[in-house]
Amino acid sequence: MISDSAEQSHVDTPEASDVWWKSAVVYQVYPRSFQDSNGDGIGDVRGILQRVDYLAELGVDVVWLSPIYRSPQDDNGYDISDYQDIDPTFGTLEDVDELIEALHERGIKLVMDLVVNHTSDEHPWFAESRSSVDNPKRDWYWWRPAREGMEPGTPGAEPTNWGSVFSGPAWEYDETTGEYYLHLFSRKQPDLNWENPEVRQAVYAMMRWWLDRRIDGFRMDVINLISKHVRPDGSLPDVPAEDGLYGSAFAATVNGPRLHEFLQEIHREVYEGRRDGLLLVGETPGATVEDGKLLTDPARHELDMVFTFEHVSLDHGPAGRFDVVPLDLRDLKATLGRWQTGLEQAGWNALYWNNHDQPRVVSRYGDDGAYRRESAMMLAIVLHLHRGTPYVYQGEELGMTNAYFTSLDEYRDIESLRFAASERQRGQLNDEELLSWLAAGSRDNARTPMQWDATPQAGFTTGQPWIDVNPHHDTINAAAEVADPDSVFHLYRRLIALRHEDPVVQRGDFHLLLPDDPHIYAFTRTWGDEQLLVLGNFSGTEQTVPVGPDWDQAALVIGNYPASPATGGGQIVLRAWEGLVLRRAPIR
Ligand code: TEU
Ligand code: CA
């Protein structure tokens with residue numbers, strides 16, 4: 001039972017036996033862009049099967065698959081119309097059984113994405129729900145009449161002023177019954193009503209069905225939005241309007257009053273009494289350190305770890321994710337540092353730079369020009385040496401960069417396209433500005449095909465890819481990097497091996513150094529009488545770092561330059577984008 005061992009991890013002493021995921025690294029596959037096996041230009045499960053040996057060589061412990069369930073693909077599978085079948089685009093249930101087998105044979109677990117804040121509007125549950133006001137499934141979704149005194153279907157008549165994450169109102173007027181339904185994301189993603197126990201039981205039954213099929217856990221999409229801030233009389237509150245009629249619905253949906261109750265119920269109904277070795281990771285936009293602690297404290301039986309968004313929002317300007325501003329390294333250190341210390345006693349961090357929603361980190365917090373290799377490696381070293389479970393997003397281990405699309409027709413992502421349409425309507429950005437905002441902030445930056453080799457479609461497909469391949473695949477690709485022992489790939493492989501082997505990396509206390517330095521990321525990890533020093537130069541110029549005499553004789557554990565840096569007299573001179581780890585022992 002997972003909760004038994006989780007309880008022990010609470011007592012984090014050298015003697016305590018610990019949960020497996022404290023020494024694990026997870027690899028995220030975005031199936032649509034990973035490997036196409038049949039030439040239709042879209043990645044699929046049989047394509048992933050062709051690449052399991054690559055994943056084994058990298059050494060990851062878990063693969064998390066973005067959604068492959070049956071779906072109209074309005075939001076690339078985050079709109080599910082059948083949770084217990086595979087979309088024909090991606091393959092069949094038998095293919096997935098084969099994948100589970102192939103991964104397990106190599107000692108790799110499989111975690112599936114679970115999108116249960118909403119379904120597709122083409123899910124049979126929703127078809128029933130929308131059919132009439134007295135359908136038994138009516139209350140499975142959020143239906144509300146127009147605002148009092150307003151003409152249904154006219155602007156501003158929505159039940160509340162909530163805006164959708166994908167621009168426009170979060171309510172869609174449905175003529176069948178003359179009411180509105182809630183969709184925090186696209187209108188093809190209606191929100192499930194978790195207040196209804198039948199909804200919850202249907203979700204739990206589906207989760208148990210997947211675990212019986214021998215998957216090893218779930219990554220739970222926007223799981224902290226499932227409890228809405230509904231008032232005792234059933235009404236929903238307005239939010240501060242930001243821009244015209246609508247405001248971000250997050251204020252009324254994040255951390256709702258029943259969130260913890262629902263998560264504990266999931267734990268009880270789905271996880272308790274099951275085999276060891278499962279993983280439950282929650283995606284929690286808007287979560288604070290305090291929330292993170294409550295959500296992941298093993299004694300509370302909710303989630304194992306959560307994805308925080310604070311450190312990937314630091315370069316968002318006033319207008320949000322497309323309005324990218326330079327990162328101030330001091331903010332990044334303060335943010336990640338707060339999460340490290342906040343979850344020191346209870347709880348656990350998920351560590352990530354990238355996923356299918358984020359621009360590529362080397363283009364964002366590194367230098368994807370002259371120092372692409374160095375900065376990609378430095379960022380990896382800094383992240384993987386924190387306390388928590390690191391996540392690697394496909395292509396990150398190659399140092400893949402942003403897409404740098406130059407025309408609107410190259411974009412596929414619904415969020416980007418909806419943003420472009422609404423900005424065009426408002427007319428505040430000219431076309432050039434709009435394209436530069438998309439190039440900096442679009443989710444498509446993460447979604448260009450995986451770069452396997454230097455052939456025209458990067459080895460991803462023999463057909464026409466659904467989204468353009470990044471032209472840099474001529475130099476940045478798996479074939480070249482696997483063959484080169486000094487590549488970004490091999491640095492990732494070594495970092496993963498280090499986490500497997502080293503108790504200081506797994507459990508050591510985190511202590512931030514030089515918080516006010518604008519260029520240097522520095523911290524120690526301490527476990528028993530062993531200590532590691534982690535340094536990262538977030539600049540393209542040499543930096544002299546005053547680390548103190550203790551580190552003069554220390555051994556280099558891992559670094560991104562072929563030779564050790566100049567050390568001595570209590571100082572280390574770091575080269576451009578240099579990242580390294582030093583070890584000294586014993587400290588007493
Ligand atoms: O994302 C949730 C989320 O709030 C954001 O990160 C979102 O991607 C948005 O771009 C913020 O600007 C999850 C999934 O990871 C994402 O791919 C889905 O589109 C979304 O939920 C809806 O299921
Ligand atoms: Ca295919």
# chains A, B, ... in the order shown; residues from 1 in each chain; ligands from 1
$ residues_near_ligand --ligand "ligand 1" --cutoff "6 Å" --atoms "only C-alpha atoms and all ligand atoms" --output "MDAnalysis selection string"
chainID A and resid 75 78 185 221:222 285 357
$ write_last_selection --atoms "N, CA, C and O atoms" --output "PDB file, in the first residue's frame"
ATOM      1  N   ASP A  75      -8.301  20.305 -28.145  1.00  0.00           N
ATOM      2  CA  ASP A  75      -7.147  20.764 -27.361  1.00  0.00           C
ATOM      3  C   ASP A  75      -6.119  19.623 -27.305  1.00  0.00           C
ATOM      4  O   ASP A  75      -5.593  19.295 -26.240  1.00  0.00           O
ATOM      5  N   TYR A  78      -6.765  16.906 -24.643  1.00  0.00           N
ATOM      6  CA  TYR A  78      -7.206  17.318 -23.299  1.00  0.00           C
ATOM      7  C   TYR A  78      -8.725  17.547 -23.279  1.00  0.00           C
ATOM      8  O   TYR A  78      -9.265  18.160 -22.362  1.00  0.00           O
ATOM      9  N   PHE A 185     -11.917  26.039 -20.053  1.00  0.00           N
ATOM     10  CA  PHE A 185     -11.017  26.033 -21.208  1.00  0.00           C
ATOM     11  C   PHE A 185     -11.879  26.227 -22.463  1.00  0.00           C
ATOM     12  O   PHE A 185     -12.722  27.111 -22.462  1.00  0.00           O
ATOM     13  N   ASP A 221      -4.672  16.506 -14.500  1.00  0.00           N
ATOM     14  CA  ASP A 221      -4.764  17.811 -15.149  1.00  0.00           C
ATOM     15  C   ASP A 221      -5.569  18.795 -14.289  1.00  0.00           C
ATOM     16  O   ASP A 221      -6.645  18.443 -13.786  1.00  0.00           O
ATOM     17  N   VAL A 222      -5.063  20.016 -14.164  1.00  0.00           N
ATOM     18  CA  VAL A 222      -5.727  21.113 -13.414  1.00  0.00           C
ATOM     19  C   VAL A 222      -6.594  20.614 -12.255  1.00  0.00           C
ATOM     20  O   VAL A 222      -7.738  21.026 -12.097  1.00  0.00           O
ATOM     21  N   PRO A 285      -2.127  24.869 -11.221  1.00  0.00           N
ATOM     22  CA  PRO A 285      -1.855  26.284 -11.490  1.00  0.00           C
ATOM     23  C   PRO A 285      -2.398  27.151 -10.359  1.00  0.00           C
ATOM     24  O   PRO A 285      -3.471  26.871  -9.823  1.00  0.00           O
ATOM     25  N   ASP A 357       3.110  22.696 -22.383  1.00  0.00           N
ATOM     26  CA  ASP A 357       2.464  24.013 -22.315  1.00  0.00           C
ATOM     27  C   ASP A 357       3.467  25.163 -22.224  1.00  0.00           C
ATOM     28  O   ASP A 357       3.066  26.330 -22.245  1.00  0.00           O
TER      29      ASP A 357
END
$ closest_atom_pairs --of "chain A" --to "ligand 2" --cutoff "10 Å" --atoms "only C-alpha atoms and all ligand atoms" --output "tab-separated table"
residue	atom	partner	partner_atom_place_in_ligand_line	distance
A:Pro31	CA	ligand 2	1 (Ca)	9.5
A:Arg32	CA	ligand 2	1 (Ca)	8.0
A:Ser33	CA	ligand 2	1 (Ca)	9.6
A:Phe34	CA	ligand 2	1 (Ca)	9.9
A:Gln35	CA	ligand 2	1 (Ca)	7.7
A:Asp36	CA	ligand 2	1 (Ca)	4.4
A:Ser37	CA	ligand 2	1 (Ca)	5.3
A:Asn38	CA	ligand 2	1 (Ca)	4.8
A:Gly39	CA	ligand 2	1 (Ca)	5.8
A:Asp40	CA	ligand 2	1 (Ca)	4.9
A:Gly41	CA	ligand 2	1 (Ca)	5.7
A:Ile42	CA	ligand 2	1 (Ca)	4.2
A:Gly43	CA	ligand 2	1 (Ca)	4.7
A:Asp44	CA	ligand 2	1 (Ca)	4.9
A:Val45	CA	ligand 2	1 (Ca)	8.2
A:Arg46	CA	ligand 2	1 (Ca)	8.2
A:Gly47	CA	ligand 2	1 (Ca)	7.5
A:Pro88	CA	ligand 2	1 (Ca)	9.2
A:Thr89	CA	ligand 2	1 (Ca)	6.3
A:Phe90	CA	ligand 2	1 (Ca)	6.4
A:Gly91	CA	ligand 2	1 (Ca)	8.1
A:Phe460	CA	ligand 2	1 (Ca)	9.8
A:Thr461	CA	ligand 2	1 (Ca)	8.0
A:Thr462	CA	ligand 2	1 (Ca)	9.8
A:Gly463	CA	ligand 2	1 (Ca)	9.2
A:Pro465	CA	ligand 2	1 (Ca)	9.4
A:Trp466	CA	ligand 2	1 (Ca)	9.9
$ closest_atom_pairs --of "stretch 81-184 of chain A" --to "stretch 409-418 of chain A" --cutoff "10 Å" --atoms "only C-alpha atoms" --output "Markdown table"
| residue | atom | partner | partner_atom | distance |
| --- | --- | --- | --- | --- |
| A:Val165 | CA | A:Glu415 | CA | 7.8 |
| A:Phe166 | CA | A:Glu415 | CA | 5.0 |
| A:Ser167 | CA | A:Arg418 | CA | 6.3 |
| A:Gly168 | CA | A:Arg418 | CA | 8.6 |
$ closest_residue --among "A:Pro67, A:Gly217, A:Pro298, A:Pro169" --to "A:Tyr271" --atoms "only C-alpha atoms"
A:Gly217
$ residues_around --residues "A:Leu580" --least-positions-apart "6" --cutoff "8 Å" --atoms "only C-alpha atoms" --output "PyMOL selection string"
chain A and resi 378+381+534-536+556-560
$ atom_distance --atom1 "atom CA of A:Ile467" --atom2 "atom CA of A:Asp453"
16.9 Å
$ select_by_dssp --residues "stretch 64-303 of chain A" --states "alpha helix (DSSP H)" --output "ChimeraX atom specification"
/A:93-105,124-131,197-212,250-253,259-266,289-296
$ atom_distance --atom1 "atom CA of A:Phe489" --atom2 "atom CA of A:Arg372"
13.0 Å
$ select_by_dssp --residues "stretch 169-297 of chain A" --states "strand (DSSP E or B)" --output "PDB file with N, CA and C atoms, in the first residue's frame"
ATOM      1  N   PRO A 169     -15.601  34.414 -22.982  1.00  0.00           N
ATOM      2  CA  PRO A 169     -16.300  33.991 -21.765  1.00  0.00           C
ATOM      3  C   PRO A 169     -16.164  32.499 -21.489  1.00  0.00           C
ATOM      4  N   TRP A 171     -18.562  30.707 -20.344  1.00  0.00           N
ATOM      5  CA  TRP A 171     -19.902  30.109 -20.438  1.00  0.00           C
ATOM      6  C   TRP A 171     -20.323  30.073 -21.889  1.00  0.00           C
ATOM      7  N   GLU A 172     -20.936  28.965 -22.291  1.00  0.00           N
ATOM      8  CA  GLU A 172     -21.439  28.842 -23.653  1.00  0.00           C
ATOM      9  C   GLU A 172     -22.957  28.685 -23.614  1.00  0.00           C
ATOM     10  N   TYR A 173     -23.634  29.524 -24.391  1.00  0.00           N
ATOM     11  CA  TYR A 173     -25.091  29.448 -24.451  1.00  0.00           C
ATOM     12  C   TYR A 173     -25.490  28.248 -25.292  1.00  0.00           C
ATOM     13  N   ASP A 174     -26.412  27.436 -24.784  1.00  0.00           N
ATOM     14  CA  ASP A 174     -26.847  26.246 -25.511  1.00  0.00           C
ATOM     15  C   ASP A 174     -28.331  26.343 -25.799  1.00  0.00           C
ATOM     16  N   GLU A 179     -30.032  27.403 -21.730  1.00  0.00           N
ATOM     17  CA  GLU A 179     -29.144  27.695 -20.590  1.00  0.00           C
ATOM     18  C   GLU A 179     -27.685  27.687 -21.048  1.00  0.00           C
ATOM     19  N   TYR A 180     -26.829  28.108 -20.105  1.00  0.00           N
ATOM     20  CA  TYR A 180     -25.391  28.146 -20.372  1.00  0.00           C
ATOM     21  C   TYR A 180     -24.691  26.986 -19.661  1.00  0.00           C
ATOM     22  N   TYR A 181     -23.591  26.492 -20.279  1.00  0.00           N
ATOM     23  CA  TYR A 181     -22.742  25.557 -19.536  1.00  0.00           C
ATOM     24  C   TYR A 181     -21.355  26.172 -19.352  1.00  0.00           C
ATOM     25  N   LEU A 182     -20.695  25.752 -18.276  1.00  0.00           N
ATOM     26  CA  LEU A 182     -19.379  26.289 -17.914  1.00  0.00           C
ATOM     27  C   LEU A 182     -18.266  25.534 -18.633  1.00  0.00           C
ATOM     28  N   ASP A 191     -16.945  21.793 -18.082  1.00  0.00           N
ATOM     29  CA  ASP A 191     -16.489  21.377 -16.750  1.00  0.00           C
ATOM     30  C   ASP A 191     -17.458  20.387 -16.106  1.00  0.00           C
ATOM     31  N   LEU A 192     -16.894  19.311 -15.572  1.00  0.00           N
ATOM     32  CA  LEU A 192     -17.690  18.349 -14.814  1.00  0.00           C
ATOM     33  C   LEU A 192     -18.079  18.947 -13.465  1.00  0.00           C
ATOM     34  N   GLY A 217      -0.046   4.964 -12.409  1.00  0.00           N
ATOM     35  CA  GLY A 217      -0.473   6.195 -11.750  1.00  0.00           C
ATOM     36  C   GLY A 217      -1.000   7.206 -12.744  1.00  0.00           C
ATOM     37  N   PHE A 218      -1.262   8.399 -12.207  1.00  0.00           N
ATOM     38  CA  PHE A 218      -1.875   9.449 -13.009  1.00  0.00           C
ATOM     39  C   PHE A 218      -1.208  10.798 -12.778  1.00  0.00           C
ATOM     40  N   ARG A 219      -1.160  11.582 -13.850  1.00  0.00           N
ATOM     41  CA  ARG A 219      -0.854  13.001 -13.755  1.00  0.00           C
ATOM     42  C   ARG A 219      -2.218  13.673 -13.917  1.00  0.00           C
ATOM     43  N   MET A 220      -2.648  14.380 -12.905  1.00  0.00           N
ATOM     44  CA  MET A 220      -4.019  14.878 -12.879  1.00  0.00           C
ATOM     45  C   MET A 220      -4.079  16.331 -13.324  1.00  0.00           C
ATOM     46  N   ASP A 243     -10.669  43.146 -18.058  1.00  0.00           N
ATOM     47  CA  ASP A 243     -10.546  43.747 -19.362  1.00  0.00           C
ATOM     48  C   ASP A 243     -11.914  43.624 -19.997  1.00  0.00           C
ATOM     49  N   TYR A 246     -15.006  40.403 -18.899  1.00  0.00           N
ATOM     50  CA  TYR A 246     -14.661  39.166 -18.196  1.00  0.00           C
ATOM     51  C   TYR A 246     -13.368  39.274 -17.394  1.00  0.00           C
ATOM     52  N   GLY A 247     -13.267  38.432 -16.351  1.00  0.00           N
ATOM     53  CA  GLY A 247     -12.046  38.346 -15.564  1.00  0.00           C
ATOM     54  C   GLY A 247     -11.621  36.890 -15.465  1.00  0.00           C
ATOM     55  N   SER A 248     -10.379  36.646 -15.021  1.00  0.00           N
ATOM     56  CA  SER A 248      -9.895  35.276 -14.923  1.00  0.00           C
ATOM     57  C   SER A 248     -10.749  34.479 -13.942  1.00  0.00           C
ATOM     58  N   LEU A 279       2.087   6.358  -8.594  1.00  0.00           N
ATOM     59  CA  LEU A 279       2.417   7.781  -8.514  1.00  0.00           C
ATOM     60  C   LEU A 279       1.177   8.619  -8.833  1.00  0.00           C
ATOM     61  N   LEU A 280       0.944   9.619  -7.996  1.00  0.00           N
ATOM     62  CA  LEU A 280      -0.161  10.558  -8.213  1.00  0.00           C
ATOM     63  C   LEU A 280       0.430  11.949  -8.201  1.00  0.00           C
ATOM     64  N   VAL A 281       0.495  12.565  -9.376  1.00  0.00           N
ATOM     65  CA  VAL A 281       1.045  13.919  -9.427  1.00  0.00           C
ATOM     66  C   VAL A 281      -0.033  14.850  -9.962  1.00  0.00           C
ATOM     67  N   GLY A 282      -0.207  15.980  -9.271  1.00  0.00           N
ATOM     68  CA  GLY A 282      -1.263  16.905  -9.638  1.00  0.00           C
ATOM     69  C   GLY A 282      -0.724  18.142 -10.328  1.00  0.00           C
ATOM     70  N   GLU A 283      -1.431  18.580 -11.368  1.00  0.00           N
ATOM     71  CA  GLU A 283      -1.092  19.868 -11.984  1.00  0.00           C
ATOM     72  C   GLU A 283      -1.928  20.936 -11.283  1.00  0.00           C
TER      73      GLU A 283
END
$ closest_residue --among "A:Asn117, A:Gln73, A:Thr176, A:Asn430" --to "A:Ser227" --atoms "only C-alpha atoms"
A:Asn117
$ residues_around --residues "stretch 582-585 of chain A" --least-positions-apart "4" --cutoff "6 Å" --atoms "only C-alpha atoms" --output "VMD selection string"
chain A and resid 530 to 533 554 to 557
$ write_last_selection --atoms "C-alpha atoms" --output "CSV table (one decimal), in the first residue's frame"
chain,number,residue,atom,x,y,z
A,530,GLU,CA,28.2,15.0,3.2
A,531,GLN,CA,27.7,18.2,1.4
A,532,LEU,CA,27.3,19.2,-2.3
A,533,LEU,CA,27.7,22.7,-3.7
A,554,ALA,CA,36.4,19.7,-3.2
A,555,ALA,CA,35.8,17.1,-5.9
A,556,LEU,CA,33.9,17.8,-9.1
A,557,VAL,CA,30.9,15.6,-9.3
$ atom_distance --atom1 "atom CA of A:Thr177" --atom2 "atom CA of A:Ala251"
28.3 Å
$ residues_around --residues "A:Met207" --least-positions-apart "5" --cutoff "12 Å" --atoms "only C-alpha atoms" --output "MDAnalysis selection string"
chainID A and resid 83:84 111:116 200:202 212:220 266:267 269:271 280
$ closest_atom_pairs --of "stretch 475-539 of chain A" --to "stretch 386-397 of chain A" --cutoff "9 Å" --atoms "only C-alpha atoms" --output "Markdown table"
| residue | atom | partner | partner_atom | distance |
| --- | --- | --- | --- | --- |
| A:Asn477 | CA | A:Gly395 | CA | 8.5 |
| A:Ala478 | CA | A:Gly395 | CA | 8.4 |
| A:Val488 | CA | A:Glu397 | CA | 6.1 |
| A:Phe489 | CA | A:Glu397 | CA | 5.0 |
| A:His490 | CA | A:Glu397 | CA | 8.3 |
| A:Leu491 | CA | A:Glu397 | CA | 8.2 |
| A:Tyr492 | CA | A:Glu397 | CA | 5.9 |
| A:Arg493 | CA | A:Glu397 | CA | 8.4 |
| A:Ile496 | CA | A:Pro390 | CA | 8.8 |
| A:Val505 | CA | A:Arg387 | CA | 6.9 |
| A:Gln506 | CA | A:Arg387 | CA | 6.4 |
| A:Arg507 | CA | A:Arg387 | CA | 6.5 |
| A:Gly508 | CA | A:Arg387 | CA | 7.1 |
| A:Asp509 | CA | A:Arg387 | CA | 7.6 |
| A:Phe510 | CA | A:Arg387 | CA | 6.9 |
| A:Phe523 | CA | A:His386 | CA | 8.8 |
| A:Arg525 | CA | A:His386 | CA | 8.1 |
$ residues_around --residues "A:Asp368" --least-positions-apart "6" --cutoff "12 Å" --atoms "only C-alpha atoms" --output "VMD selection string"
chain A and resid 360 to 362 374 to 377 379 399 to 404 472 476 540 577
$ residues_around --residues "A:Gly441" --least-positions-apart "3" --cutoff "8 Å" --atoms "only C-alpha atoms" --output "PDB file with C-alpha atoms, in the first residue's frame"
ATOM      1  CA  ARG A 321       2.103  34.446 -20.902  1.00  0.00           C
ATOM      2  CA  PHE A 322       2.499  35.964 -24.380  1.00  0.00           C
ATOM      3  CA  ASP A 323       3.849  39.211 -22.927  1.00  0.00           C
ATOM      4  CA  VAL A 324       7.324  37.870 -22.163  1.00  0.00           C
ATOM      5  CA  GLN A 358       5.731  25.893 -21.761  1.00  0.00           C
ATOM      6  CA  PRO A 359       8.206  27.525 -24.156  1.00  0.00           C
ATOM      7  CA  TRP A 437       4.345  37.560 -28.713  1.00  0.00           C
ATOM      8  CA  LEU A 438       3.313  34.151 -30.062  1.00  0.00           C
ATOM      9  CA  ASN A 445       7.223  26.001 -28.926  1.00  0.00           C
TER      10      ASN A 445
END
$ closest_residue --among "A:Asn355, A:Val325, A:Val254, A:Leu49" --to "A:Val26" --atoms "only C-alpha atoms"
A:Asn355
$ decode --residues "stretch 202-264 of chain A" --atoms "C-alpha atoms" --output "compact mmCIF listing (two decimals), in the first residue's frame"
# COMPACT_ATOMS: atom_id res chain seq x y z
CA ALA A 202 -17.83 7.38 -12.42
CA VAL A 203 -14.36 8.94 -12.42
CA TYR A 204 -13.09 6.60 -9.68
CA ALA A 205 -14.40 3.53 -11.48
CA MET A 206 -12.55 4.62 -14.61
CA MET A 207 -9.33 5.22 -12.66
CA ARG A 208 -9.53 1.76 -11.07
CA TRP A 209 -10.09 0.25 -14.53
CA TRP A 210 -6.83 1.80 -15.75
CA LEU A 211 -4.87 0.72 -12.69
CA ASP A 212 -6.22 -2.82 -13.20
CA ARG A 213 -4.72 -2.57 -16.69
CA ARG A 214 -1.39 -2.17 -14.89
CA ILE A 215 -0.59 1.48 -15.44
CA ASP A 216 1.35 2.99 -12.55
CA GLY A 217 -0.47 6.20 -11.75
CA PHE A 218 -1.87 9.45 -13.01
CA ARG A 219 -0.85 13.00 -13.75
CA MET A 220 -4.02 14.88 -12.88
CA ASP A 221 -4.76 17.81 -15.15
CA VAL A 222 -5.73 21.11 -13.41
CA ILE A 223 -6.79 19.07 -10.42
CA ASN A 224 -7.02 22.07 -8.09
CA LEU A 225 -9.88 23.50 -10.18
CA ILE A 226 -12.37 20.68 -9.55
CA SER A 227 -14.07 22.32 -6.55
CA LYS A 228 -15.68 25.60 -7.61
CA HIS A 229 -16.41 28.33 -5.08
CA VAL A 230 -20.13 27.66 -5.15
CA ARG A 231 -22.21 29.55 -2.56
CA PRO A 232 -24.52 27.65 -0.19
CA ASP A 233 -27.51 28.74 -2.29
CA GLY A 234 -25.90 27.22 -5.41
CA SER A 235 -24.96 30.53 -7.01
CA LEU A 236 -21.48 31.29 -8.33
CA PRO A 237 -19.59 34.51 -7.56
CA ASP A 238 -18.41 37.12 -10.08
CA VAL A 239 -14.67 37.85 -10.23
CA PRO A 240 -12.86 41.18 -10.66
CA ALA A 241 -13.19 42.05 -14.36
CA GLU A 242 -9.79 42.64 -15.93
CA ASP A 243 -10.55 43.75 -19.36
CA GLY A 244 -13.99 44.62 -20.58
CA LEU A 245 -16.62 42.13 -19.51
CA TYR A 246 -14.66 39.17 -18.20
CA GLY A 247 -12.05 38.35 -15.56
CA SER A 248 -9.89 35.28 -14.92
CA ALA A 249 -12.08 32.48 -13.57
CA PHE A 250 -9.18 31.21 -11.48
CA ALA A 251 -10.15 33.28 -8.43
CA ALA A 252 -13.49 31.45 -8.31
CA THR A 253 -12.23 27.97 -9.12
CA VAL A 254 -8.76 27.45 -7.65
CA ASN A 255 -8.61 25.74 -4.23
CA GLY A 256 -12.37 25.50 -3.87
CA PRO A 257 -13.86 24.62 -0.47
CA ARG A 258 -14.11 20.88 -1.19
CA LEU A 259 -10.78 20.35 -2.99
CA HIS A 260 -9.03 18.52 -0.16
CA GLU A 261 -12.11 16.44 0.60
CA PHE A 262 -12.32 15.33 -3.06
CA LEU A 263 -8.62 14.47 -3.23
CA GLN A 264 -8.82 12.43 -0.03
